[in-house]
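Notes for the one structure printed next.
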Amino acid sequence: MGMWSLLFTLSTALSCVTSAAMLIHVYGYEGGQVDVSCPYDTGYEDYEKYLCKNDCQDHDVLITTTNPKKNKYSIHDDRNKQVFTSTISDLSLTDVGKYWCGVTRTFTDIYTEVKLEVGKGTCCDQSTKLQSYEEGSVSFSCPYDSMHQNSLKYICRGNQTLTCLQQALITSVTANTRGQFTLTDDKKSNEFTVTIANLTWADSGRYLCGVQHTGLDVFSAVDLEIKEWCCVTSKELNGSVGYPLAMECPYPPQHRDNRKFLCKGDHRQNCTDIKPSSQIRFAQQDNVSASSFFVKITKLRAGDAGTYWCGSDSQWGPGNYTKIHLSVVFPQPTSTVSSTTTMEESVRTPSTPLFKAVVFIVPALVLILTFALVILYKYKCHKVQGAAVNMNRNKTKLAAEEDVIYENQSVVVCPKQRPSKPQRTTEQNKDAVDDSMYQNFSPAEDIYCNQRFYQSQ
């Protein structure tokens, strides 16, 4: 009995391979699902249907209408249309292969061959990288094979191939323009072009170009980076009222012959052009070798604060400008009172060793200077008194023989012979006066006023 059962099973397996009347191709993407629809002839509406894989042995049967749901497989029989459909969910690359749609009969089942292909759920390993600026536009081309000239073309955001067509931003069968997107198909060059206008930073990211195919769709990827619209550079400058200021504005070398300009406003769309001819405080100078020009303001005013745009492209092409935010402040006034107060405080509360040294040195210098002046004063008085005594002596000693030597307008008196004792006379008072006049002088005091003399014999 077991032998006959084995032979019957082998014959059934062989018959399922050889009795396939047609081949059904189905396609799906990782993570998605696929429907396998199999028609059958009239009269088999009440028969059991199933889906199996490989050689379709008992263990290869995946799902039957008797048990319509099992794991990720399900089956539905539409008897009116005479089509049963098996659904495979949560597809993976391991699901690729050969399947069979079967109708159970008493002796030989009816089989239809199915071939399943599963594509990757994401795309792509390589991409085209583009950069553009806010408020501008960007265009990129998506090539395709000549066999796909009449196929549907579309574009979507992200990198999910599974949902790309369902989430398409624009397709070749819709209007040529849809919102900010435009799609044009050039069948001669076998490529379609997508243009995105009014770009914003949110438009950055990956885009997929899709071409619908009878099998798996064909995709190519574009990575788009949107930069802030404005500038070659963005600067912050600070200035003071009444002082000069210079703004440097670089420009592309190809704009060397363009008109260079400066305008003021929060946004380039509402900025006011500042012409040096109408603003005498503003002067403009171009440095072609450095690919930049300078705008000089002679005396800043408080109203000069704000946002400036300087550039060299009157069409406002993005990326060719310098954005400058200027802040203007009033200079800090100097306070005499505070300076005086600070000096007084520093005198009252010395805190440095140098100051302490000066406090002690200055009084000492004053005392020394005072002492020197006193000595000099006494010396002068002594000299004057000596001269007076000498004059009186000359008057009282008219009889004595004396030589008077004049040299450099100074008088030098040289007595010819000095007695050891003064001569006494009968007049006592006269002798006393003479003695008092000579008592303060000695032989060494013959020289006055540092004058050189020669004593006469």
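Residue numbering restarts at 1 for every chain of the structure tokens, chains are lettered A, B, ... in their displayed order, and ligands are numbered from 1 as they appear.
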
Within 7 Å of region 237-247 of chain A, counting only C-alpha atoms, which residues qualify if same-chain residues fewer than 2 places away don't, as number ranges by chain?
A: 235, 249, 294-302, 325-331

Neighbour list for region 39-42 of chain A as number ranges by chain, cut-off 8 Å, only C-alpha atoms, skip fewer than 6 positions in-chain:
A: 82-84

List as an MDAnalysis selection string the protein and nucleic acid residues near Thr161 (chain A), meaning an atom at most 9 Å away when only C-alpha atoms are counted, but skip any in the same chain fewer than 4 places from it.
chainID A and resid 29:30 119:123 165 208 210 217 219

For Val211 (chain A), which residue among A:Arg178, A:His148, A:Arg268, A:His255 is the nearest when counting only C-alpha atoms?
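Distance minimum relative to Val211 (chain A) lands on A:His148.
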
Do you have the CA of Val194 (chain A)-CA of Ile155 (chain A) distance handy?
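A separation of 8.0 Å between them.
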
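Coordinates place CA of Ser204 (chain A) at a distance of 9.0 Å from CA of Gln131 (chain A).
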
Counting only C-alpha atoms, figure out which residue out of A:Cys142, A:Leu152, A:Glu191, A:Cys56 gets nearest to Asp109 (chain A).
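Among A:Cys142, A:Leu152, A:Glu191, A:Cys56, it is A:Cys56 that comes nearest to Asp109 (chain A).
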
Name the residues of region 73-228 of chain A that fall into strand (DSSP E or B) according to DSSP on the backbone, using the chain letters and numbers of this document, as JSON, numbers by chain.
{"A": [73, 74, 75, 76, 77, 78, 83, 84, 85, 86, 87, 88, 97, 98, 99, 100, 101, 102, 103, 110, 111, 112, 113, 114, 115, 116, 117, 118, 119, 122, 128, 129, 130, 131, 132, 133, 138, 139, 140, 141, 142, 143, 153, 154, 155, 156, 157, 160, 170, 171, 177, 178, 181, 182, 183, 184, 185, 186, 191, 192, 193, 194, 195, 196, 205, 206, 207, 208, 209, 210, 211, 218, 219, 220, 221, 222, 223, 224, 225, 226, 227]}

Please extract the residues of region 29-189 of chain A with a backbone DSSP assignment of helix (DSSP H, G or I) and present them as a list in words.
Asp58, His59, Asp60, Leu93, Thr94, Asp95, Ser146, Met147 and His148 of chain A

Quick one: distance from CA of Lys153 (chain A) to CA of Gln180 (chain A) in Å, one decimal?
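CA of Gln180 (chain A) lies 17.3 Å from CA of Lys153 (chain A).
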